[in-house]
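Asker: One structure coming up, written as structure tokens, with questions to follow.
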Amino acid sequence: MDFSLKQLAVATLMAASLSVFTTQAQANLTPQQNAIILKTFSDASVKDFRQFLGSLAKSDVAKSDNLGPAISAFLDNKDLTADQQNEIHRLLGLYARVKYGAAATETLRELVEIPTFQVAGVAQHDNPEFIKIAAKIKSLAESFNLNFRNIDNRVYEISLEGSGDEVVGIHAHADVVPVTPENWVLKDGTKLDPFKVTLIGDRMYGRGTEDDKNGIVVAMYAMKVIKEEKLPLARNFKLLVDTTEETSGDAIPYYFEHNPTPNYNLALDGGYPVVIAEKGYGTVMAKFPKRKAEGKGAEIISMTGGKATNQIPSASVVTLLSDKPAELAASLQKAGSEYAKRNGGDFEVAAKVVGKNVQLTVTGVSAHSSEPESGVNPVARMLDFLNSLDGKVTLKHNQFTDAARYAANNWGLDYLGGKLGVGFSDAFMGPLTTSLTYVGEDDKAFKLAVNLRVPKGKSPEALKAEIADKLAAWTKKSHVAVSFDYSIAEPMYRNPEGEWVKALLAVASENLGMEHKYGTSAGATSVHELPNGVQFGLARPEVKYTGHTDSEFKTVDQFLLDLQIVTEMMGRIGQLPKL
């Protein structure tokens with residue numbers, strides 16, 4: 001990176017101030033004090049960071065919060081104490097939020113409008129929507145004077161150069177999970193377009209607002225602020241925008257086949273404050289060969305569920321063929337109401353005649369499959385309900401009833417593996433979870449997936465063997481024709497060491513008013529197998545995560561706070577003398 005003489009002088013002064021850093025140093029600003037500053041300024045009232053600081057120094061808030069000494073030392077290019085340096089970085093985050101909050105929100109809206117989900121039969125790197133979002137991100141990066149590289153339309157790299165050799169990788173992703181548009185309806189009947197940001201109250205509804213186009217946006221604007229303010233950096237940052245995080249996960253490995261791995265890696269695709277452990281991701285995919293319906297009664301001819309293995313939908317719909325549709329609908333409605341009442345009453349079962357067929361719908365609460373406890377799984381309840389109808393409503397036997405029997409016998413409504421007898425838990429990482437999610441079919445079979453989130457405690461090989469043995473025994477006993485594919489990955493656990501992790505924890509916990517301790521996550525990110533990889537937001541663990549759910553949203557306030565936090569983090573990590 002080429003520095004002018006003036007920039008070099010500033011860099012030298014800043015480097016001198018960094019020599020007094022201590023890990024115990026904190027920014028002496030509370031969230032309440034931050035709020036006062038935010039109310040004092042607007043994007044129209046600030047020109048640049050130095051002018052922002054100058055104006056702040058003259059205000060009552062600076063005097064009451066004792067910010068004057070830190071601001072004066074910075075503006076005069078004097079050495080700063082560790083606490084003062086951290087206060088300046090806190091103010092840098094607040095400045096970014098004031099100056100670029102509205103622009104960042106508009107950029108998020110533009111990215112959400114590009115429907116970057118997987119299309120069957122089309123590779124992500126050939127999908128026109130990914131080519132479109134690459135062009136958008138490139139244009140944005142270039143307007144921010146940031147370096148942009150498109151690695152074969154698999155990973156988009158945005159660089160902010162510093163003076164050292166170390167590289168900090170910031171990870172986010174441009175792909176999103178698919179949507180079922182008819183499920184994007186609020187409780188008051190408001191219909192949402194998944195690929196338009198709809199602002200209702202403080203909520204920005206839209207696919208990708210939470211997972212993970214918000215991460216792309218806040219990282220790029222944080223880079224923009226640091227670049228245009230010419231703040232010196234002791235290391236380099238690379239924002240790596242993944243295109244296959246929600247699907248095959250092969251884009252990031254492809255990138256590292258052609259490019260060096262960053263020394264440190266942060267995923268803006270998980271939880272605050274700093275997540276040092278991720279459960280392993282697993283799938284048990286069952287395939288039930290299509291077969292001619294046998295016996296008497298109604299025939300199930302289709303079923304819907306999650307469109308991805310990591311997605312618990314809000315509803316599951318079964319279509320049935322019957323000679324007496326009105327009578328069938330009434331019977332299913334009666335049985336469904338009784339079933340819902342017996343099983344907690346936190347979901348609905350409804351049956352109605354649609355044309356010549358009967359449509360049976362189980363409505364639950366959508367969730368990310370890493371957090372099954374935050375939802376009510378309609379796929380599990382649909383299958384268990386169908387299997388419970390024996391003696392109440394007669395159904396012909398085919399691949400759908402085979403799947404219902406399998407699901408009810410082996411997984412049931414439990415999402416902890418208890419029905420199958422494979423459950424276990426780790427004191428820090430929590431329990432194994434097992435969620436019925438993906439439903440699909442092709443010309444040969446009906447497919448049903450169970451999504452696993454695996455803590456440490458059992459090896460993937462041991463867990464796979466245990467599940468396979470139990471399902472093989474069930475298959476032999478039940479005589480149901482089914483085949484299984486298994487995929488289980490190792491969990492991730494990092495020993496939190498180094499000044500960088502301590503700084504991350506301080507930035508997030510101070511801004512969010514959270515307990516100063518490391519976290520764990522059931523969601524796997526692109527840093528799972530990378531060195532020095534942790535999650536750094538952007539979700540709050542005490543709030544339900546809406547990524548992958550119907551009617552996904554991000555609040556405006558949290559989005560702006562993310563921008564503030566990530567900017568402060570990059571400034572602070574970028575200037576630490578040693579990570």
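Chain labels A, B, ... are given in the sequence in which chains occur in the structure tokens; within each chain residues are numbered consecutively from 1, and ligands are likewise numbered from 1 in the order shown.
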Extract, using only C-alpha atoms, all DNA, RNA and protein residues at most 10 Å from region 132-146 of chain A, discarding same-chain residues fewer than 2 positions from it, and format them as a PDB file with C-alpha atoms, in the first residue's frame.

Answerer:
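around_22.pdb, freshly written:
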```
ATOM      1  CA  THR A 107     -27.394  -1.253  -0.096  1.00  0.00           C
ATOM      2  CA  GLU A 110     -30.496  -3.694  -3.262  1.00  0.00           C
ATOM      3  CA  LEU A 111     -28.732  -6.965  -2.438  1.00  0.00           C
ATOM      4  CA  VAL A 112     -31.891  -8.611  -1.066  1.00  0.00           C
ATOM      5  CA  GLU A 113     -33.645  -7.884  -4.373  1.00  0.00           C
ATOM      6  CA  ILE A 114     -31.234 -10.249  -6.150  1.00  0.00           C
ATOM      7  CA  PRO A 115     -32.637 -13.792  -5.608  1.00  0.00           C
ATOM      8  CA  THR A 116     -29.408 -15.713  -5.060  1.00  0.00           C
ATOM      9  CA  ASN A 127     -26.438 -18.671 -12.226  1.00  0.00           C
ATOM     10  CA  PRO A 128     -27.248 -15.222 -13.729  1.00  0.00           C
ATOM     11  CA  GLU A 129     -28.357 -13.923 -10.334  1.00  0.00           C
ATOM     12  CA  PHE A 130     -24.915 -14.605  -8.851  1.00  0.00           C
ATOM     13  CA  PHE A 148     -12.093  -6.335  -5.838  1.00  0.00           C
ATOM     14  CA  ARG A 149     -11.396  -9.768  -7.318  1.00  0.00           C
ATOM     15  CA  ASN A 150     -13.927 -12.262  -8.640  1.00  0.00           C
ATOM     16  CA  ASN A 153     -17.662 -16.352  -9.715  1.00  0.00           C
ATOM     17  CA  ARG A 154     -17.274 -18.597  -6.695  1.00  0.00           C
ATOM     18  CA  VAL A 155     -15.860 -16.159  -4.146  1.00  0.00           C
ATOM     19  CA  TYR A 156     -15.839 -12.371  -4.327  1.00  0.00           C
ATOM     20  CA  GLU A 157     -12.790 -10.904  -2.604  1.00  0.00           C
ATOM     21  CA  ILE A 158     -12.734  -7.320  -1.323  1.00  0.00           C
ATOM     22  CA  SER A 159      -9.404  -6.179   0.135  1.00  0.00           C
ATOM     23  CA  LEU A 160      -8.327  -3.443   2.511  1.00  0.00           C
ATOM     24  CA  GLU A 161      -4.552  -3.269   2.553  1.00  0.00           C
ATOM     25  CA  ALA A 174     -24.181 -14.045  -0.915  1.00  0.00           C
ATOM     26  CA  ASP A 175     -26.323 -17.158  -1.312  1.00  0.00           C
ATOM     27  CA  ILE A 216     -21.541  -8.304   3.347  1.00  0.00           C
ATOM     28  CA  VAL A 217     -22.917  -4.796   3.703  1.00  0.00           C
ATOM     29  CA  MET A 220     -17.879  -3.268   3.172  1.00  0.00           C
ATOM     30  CA  TYR A 221     -18.983  -0.021   4.798  1.00  0.00           C
ATOM     31  CA  MET A 223     -13.779  -1.001   5.139  1.00  0.00           C
ATOM     32  CA  LYS A 224     -14.954   2.146   3.392  1.00  0.00           C
ATOM     33  CA  VAL A 225     -14.744   4.210   6.577  1.00  0.00           C
ATOM     34  CA  LYS A 227     -10.053   3.533   3.891  1.00  0.00           C
ATOM     35  CA  GLU A 228     -11.380   7.050   3.426  1.00  0.00           C
ATOM     36  CA  VAL A 241     -18.022 -13.443   0.000  1.00  0.00           C
ATOM     37  CA  THR A 243     -21.545 -18.271  -2.983  1.00  0.00           C
TER      38      THR A 243
END
```

Asker: Where does DSSP see strand (DSSP E or B) in region 297-508 of chain A, if you list the residues as a PyMOL selection string?

Answerer: chain A and resi 298-303+306+311-312+315-321+348-354+357-363+365+367-368+376+395+397+425-426+430-431+433-441+445-454+483-488+492-493

Asker: May I have a table of the residues of region 83-129 of chain A lying at most 9 Å from region 552-571 of chain A, giving each one's closest pair of atoms and their distance in Å to one decimal, counting only C-alpha atoms, ordered by chain and ascending residue number, as JSON lines?

Answerer:
```
{"residue": "A:Asn86", "atom": "CA", "partner": "A:Glu568", "partner_atom": "CA", "distance": 8.7}
{"residue": "A:Ile88", "atom": "CA", "partner": "A:Glu568", "partner_atom": "CA", "distance": 8.8}
{"residue": "A:His89", "atom": "CA", "partner": "A:Glu568", "partner_atom": "CA", "distance": 5.1}
{"residue": "A:Arg90", "atom": "CA", "partner": "A:Glu568", "partner_atom": "CA", "distance": 5.6}
{"residue": "A:Leu91", "atom": "CA", "partner": "A:Glu568", "partner_atom": "CA", "distance": 7.8}
{"residue": "A:Leu92", "atom": "CA", "partner": "A:Glu568", "partner_atom": "CA", "distance": 6.1}
{"residue": "A:Gly93", "atom": "CA", "partner": "A:Gln564", "partner_atom": "CA", "distance": 4.1}
{"residue": "A:Leu94", "atom": "CA", "partner": "A:Gln564", "partner_atom": "CA", "distance": 5.5}
{"residue": "A:Tyr95", "atom": "CA", "partner": "A:Gln564", "partner_atom": "CA", "distance": 7.8}
{"residue": "A:Ala96", "atom": "CA", "partner": "A:Gln564", "partner_atom": "CA", "distance": 6.2}
{"residue": "A:Arg97", "atom": "CA", "partner": "A:Gln564", "partner_atom": "CA", "distance": 5.4}
{"residue": "A:Val98", "atom": "CA", "partner": "A:Leu560", "partner_atom": "CA", "distance": 8.8}
{"residue": "A:Tyr100", "atom": "CA", "partner": "A:Leu563", "partner_atom": "CA", "distance": 8.8}
{"residue": "A:Gly101", "atom": "CA", "partner": "A:Leu560", "partner_atom": "CA", "distance": 6.0}
{"residue": "A:Ala102", "atom": "CA", "partner": "A:Leu560", "partner_atom": "CA", "distance": 8.8}
{"residue": "A:Ala104", "atom": "CA", "partner": "A:Leu563", "partner_atom": "CA", "distance": 8.4}
{"residue": "A:Thr105", "atom": "CA", "partner": "A:Val556", "partner_atom": "CA", "distance": 8.0}
```

Asker: Would you please extract all helix (DSSP H, G or I) residues from region 402-539 of chain A, as assigned by DSSP on the backbone, and give them as a ChimeraX atom specification?

Answerer: /A:402-410,460-478,499-512

Asker: Can I get the residues of region 213-332 of chain A within 9 Å of region 439-448 of chain A, each with the closest pair of atoms and their distance in Å to one decimal, using only C-alpha atoms, sorted chain first then ascending number, as a Markdown table?

Answerer:
```
| residue | atom | partner | partner_atom | distance |
| --- | --- | --- | --- | --- |
| A:Val284 | CA | A:Leu448 | CA | 8.4 |
| A:Met285 | CA | A:Leu448 | CA | 5.9 |
| A:Ala286 | CA | A:Leu448 | CA | 5.3 |
| A:Lys287 | CA | A:Lys447 | CA | 4.7 |
| A:Phe288 | CA | A:Phe446 | CA | 5.1 |
| A:Pro289 | CA | A:Ala445 | CA | 4.2 |
| A:Lys290 | CA | A:Ala445 | CA | 5.0 |
| A:Arg291 | CA | A:Ala445 | CA | 8.7 |
| A:Met303 | CA | A:Val439 | CA | 7.4 |
| A:Thr304 | CA | A:Val439 | CA | 5.9 |
| A:Gly305 | CA | A:Val439 | CA | 4.9 |
| A:Gly306 | CA | A:Val439 | CA | 5.8 |
| A:Lys307 | CA | A:Val439 | CA | 6.7 |
| A:Ala308 | CA | A:Val439 | CA | 8.1 |
| A:Thr309 | CA | A:Val439 | CA | 8.4 |
```

Asker: Go ahead and dump the residues you just picked, N, CA, C and O atoms, as a PDB file, in the first residue's frame.

Answerer:
```
ATOM      1  N   VAL A 284     -28.984 -37.317   7.478  1.00  0.00           N
ATOM      2  CA  VAL A 284     -29.432 -38.679   7.192  1.00  0.00           C
ATOM      3  C   VAL A 284     -30.512 -38.543   6.121  1.00  0.00           C
ATOM      4  O   VAL A 284     -31.613 -38.074   6.397  1.00  0.00           O
ATOM      5  N   MET A 285     -30.170 -38.922   4.897  1.00  0.00           N
ATOM      6  CA  MET A 285     -31.110 -38.804   3.786  1.00  0.00           C
ATOM      7  C   MET A 285     -31.729 -40.166   3.500  1.00  0.00           C
ATOM      8  O   MET A 285     -31.034 -41.118   3.149  1.00  0.00           O
ATOM      9  N   ALA A 286     -33.043 -40.244   3.667  1.00  0.00           N
ATOM     10  CA  ALA A 286     -33.773 -41.481   3.392  1.00  0.00           C
ATOM     11  C   ALA A 286     -34.464 -41.373   2.040  1.00  0.00           C
ATOM     12  O   ALA A 286     -35.062 -40.334   1.732  1.00  0.00           O
ATOM     13  N   LYS A 287     -34.391 -42.427   1.244  1.00  0.00           N
ATOM     14  CA  LYS A 287     -35.025 -42.454  -0.074  1.00  0.00           C
ATOM     15  C   LYS A 287     -35.983 -43.635  -0.138  1.00  0.00           C
ATOM     16  O   LYS A 287     -35.578 -44.785   0.042  1.00  0.00           O
ATOM     17  N   PHE A 288     -37.246 -43.320  -0.387  1.00  0.00           N
ATOM     18  CA  PHE A 288     -38.291 -44.339  -0.444  1.00  0.00           C
ATOM     19  C   PHE A 288     -38.709 -44.516  -1.902  1.00  0.00           C
ATOM     20  O   PHE A 288     -39.283 -43.590  -2.499  1.00  0.00           O
ATOM     21  N   PRO A 289     -38.421 -45.677  -2.504  1.00  0.00           N
ATOM     22  CA  PRO A 289     -38.762 -45.883  -3.917  1.00  0.00           C
ATOM     23  C   PRO A 289     -40.251 -45.677  -4.176  1.00  0.00           C
ATOM     24  O   PRO A 289     -41.096 -46.099  -3.384  1.00  0.00           O
ATOM     25  N   LYS A 290     -40.554 -45.008  -5.265  1.00  0.00           N
ATOM     26  CA  LYS A 290     -41.959 -44.819  -5.622  1.00  0.00           C
ATOM     27  C   LYS A 290     -42.580 -46.171  -5.939  1.00  0.00           C
ATOM     28  O   LYS A 290     -41.966 -47.018  -6.595  1.00  0.00           O
ATOM     29  N   ARG A 291     -43.795 -46.353  -5.464  1.00  0.00           N
ATOM     30  CA  ARG A 291     -44.489 -47.617  -5.733  1.00  0.00           C
ATOM     31  C   ARG A 291     -45.980 -47.377  -5.887  1.00  0.00           C
ATOM     32  O   ARG A 291     -46.514 -46.372  -5.374  1.00  0.00           O
ATOM     33  N   MET A 303     -46.275 -34.240  -1.066  1.00  0.00           N
ATOM     34  CA  MET A 303     -46.006 -33.666   0.249  1.00  0.00           C
ATOM     35  C   MET A 303     -44.926 -32.607   0.120  1.00  0.00           C
ATOM     36  O   MET A 303     -43.976 -32.762  -0.641  1.00  0.00           O
ATOM     37  N   THR A 304     -45.067 -31.526   0.866  1.00  0.00           N
ATOM     38  CA  THR A 304     -44.051 -30.473   0.892  1.00  0.00           C
ATOM     39  C   THR A 304     -43.422 -30.383   2.279  1.00  0.00           C
ATOM     40  O   THR A 304     -43.991 -30.829   3.272  1.00  0.00           O
ATOM     41  N   GLY A 305     -42.250 -29.788   2.320  1.00  0.00           N
ATOM     42  CA  GLY A 305     -41.547 -29.570   3.584  1.00  0.00           C
ATOM     43  C   GLY A 305     -40.467 -28.552   3.364  1.00  0.00           C
ATOM     44  O   GLY A 305     -40.598 -27.661   2.523  1.00  0.00           O
ATOM     45  N   GLY A 306     -39.364 -28.684   4.070  1.00  0.00           N
ATOM     46  CA  GLY A 306     -38.257 -27.767   3.882  1.00  0.00           C
ATOM     47  C   GLY A 306     -37.663 -27.912   2.489  1.00  0.00           C
ATOM     48  O   GLY A 306     -37.598 -29.016   1.946  1.00  0.00           O
ATOM     49  N   LYS A 307     -37.216 -26.800   1.926  1.00  0.00           N
ATOM     50  CA  LYS A 307     -36.595 -26.833   0.606  1.00  0.00           C
ATOM     51  C   LYS A 307     -35.091 -27.058   0.684  1.00  0.00           C
ATOM     52  O   LYS A 307     -34.419 -27.204  -0.325  1.00  0.00           O
ATOM     53  N   ALA A 308     -34.549 -27.043   1.895  1.00  0.00           N
ATOM     54  CA  ALA A 308     -33.136 -27.305   2.126  1.00  0.00           C
ATOM     55  C   ALA A 308     -33.014 -28.082   3.427  1.00  0.00           C
ATOM     56  O   ALA A 308     -33.882 -27.994   4.300  1.00  0.00           O
ATOM     57  N   THR A 309     -31.915 -28.833   3.580  1.00  0.00           N
ATOM     58  CA  THR A 309     -31.770 -29.657   4.776  1.00  0.00           C
ATOM     59  C   THR A 309     -31.610 -28.826   6.035  1.00  0.00           C
ATOM     60  O   THR A 309     -31.862 -29.307   7.142  1.00  0.00           O
TER      61      THR A 309
END
```

Asker: Can I get the residues of region 393-432 of chain A within 12 Å of region 488-500 of chain A, each with the closest pair of atoms and their distance in Å to one decimal, using only C-alpha atoms, sorted chain first then ascending number, as a Markdown table?

Answerer:
```
| residue | atom | partner | partner_atom | distance |
| --- | --- | --- | --- | --- |
| A:Asp426 | CA | A:Pro491 | CA | 11.2 |
| A:Phe428 | CA | A:Tyr493 | CA | 10.2 |
| A:Met429 | CA | A:Tyr493 | CA | 9.1 |
| A:Gly430 | CA | A:Pro491 | CA | 11.7 |
| A:Leu432 | CA | A:Pro491 | CA | 10.9 |
```

Asker: When you look at Lys296 (chain A) with a cut-off of 9 Å (counting only C-alpha atoms), what residues show up, excluding the ones that are within fewer than 6 positions of it in the same chain? I need them as a count of residues only.

Answerer: 4

Asker: For a test of reading the model, state the distance in Å between CA of Ile226 (chain A) and CA of Gln575 (chain A), rounded to one decimal.

Answerer: 11.2 Å

Asker: Measuring atom to atom with only C-alpha atoms, identify which of A:Leu320, A:Leu420, A:Asn263, A:Leu233 is nearest to Asp469 (chain A).

Answerer: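 Among A:Leu320, A:Leu420, A:Asn263, A:Leu233, it is A:Leu420 that comes nearest to Asp469 (chain A).
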
Asker: Report as a list of chain:residue names all protein, DNA and RNA residues lying within 9 Å of Leu504 (chain A), evaluated on only C-alpha atoms, omitting residues in the same chain fewer than 4 positions from it.

Answerer: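 These residues fall inside the cut-off: A:Pro273, A:Val274, A:Glu499, A:Trp500, A:Ala508, A:Ser509, A:Phe536, A:Met569, A:Arg572, A:Ile573.
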
Asker: Would you export the selected residues with C-alpha atoms as a short mmCIF file (atom, residue, chain, number, x, y, z; two decimals), in the first residue's frame, please?

Answerer:
```
data_model
loop_
_atom_site.label_atom_id
_atom_site.label_comp_id
_atom_site.auth_asym_id
_atom_site.auth_seq_id
_atom_site.Cartn_x
_atom_site.Cartn_y
_atom_site.Cartn_z
CA PRO A 273 -20.14 -12.05 21.19
CA VAL A 274 -17.45 -14.52 20.01
CA GLU A 499 -5.03 -10.56 21.91
CA TRP A 500 -7.32 -10.54 18.88
CA ALA A 508 -19.04 -7.19 21.19
CA SER A 509 -19.83 -7.63 24.88
CA PHE A 536 -18.27 -12.70 15.38
CA MET A 569 -13.72 -4.23 15.47
CA ARG A 572 -9.19 -2.15 16.72
CA ILE A 573 -8.01 -5.49 15.29
#
```

Asker: Which of these, A:Leu38, A:Met204, A:Leu231, A:Leu471, has the shortest distance to Gly162 (chain A) once you count only C-alpha atoms?

Answerer: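 Smallest separation from Gly162 (chain A) among the options: A:Leu231.
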
Asker: Could you give me, as a Markdown table, a per-residue list for region 377-442 of chain A showing, wherever an atom lies at most 9 Å from an atom of region 346-351 of chain A, the closest pair of atoms and their distance in Å to one decimal, using only C-alpha atoms and sorting by chain then residue number from low to high?

Answerer:
```
| residue | atom | partner | partner_atom | distance |
| --- | --- | --- | --- | --- |
| A:Asn377 | CA | A:Phe347 | CA | 8.8 |
| A:Pro378 | CA | A:Phe347 | CA | 7.8 |
| A:Arg381 | CA | A:Phe347 | CA | 8.8 |
| A:Met382 | CA | A:Val349 | CA | 8.5 |
```
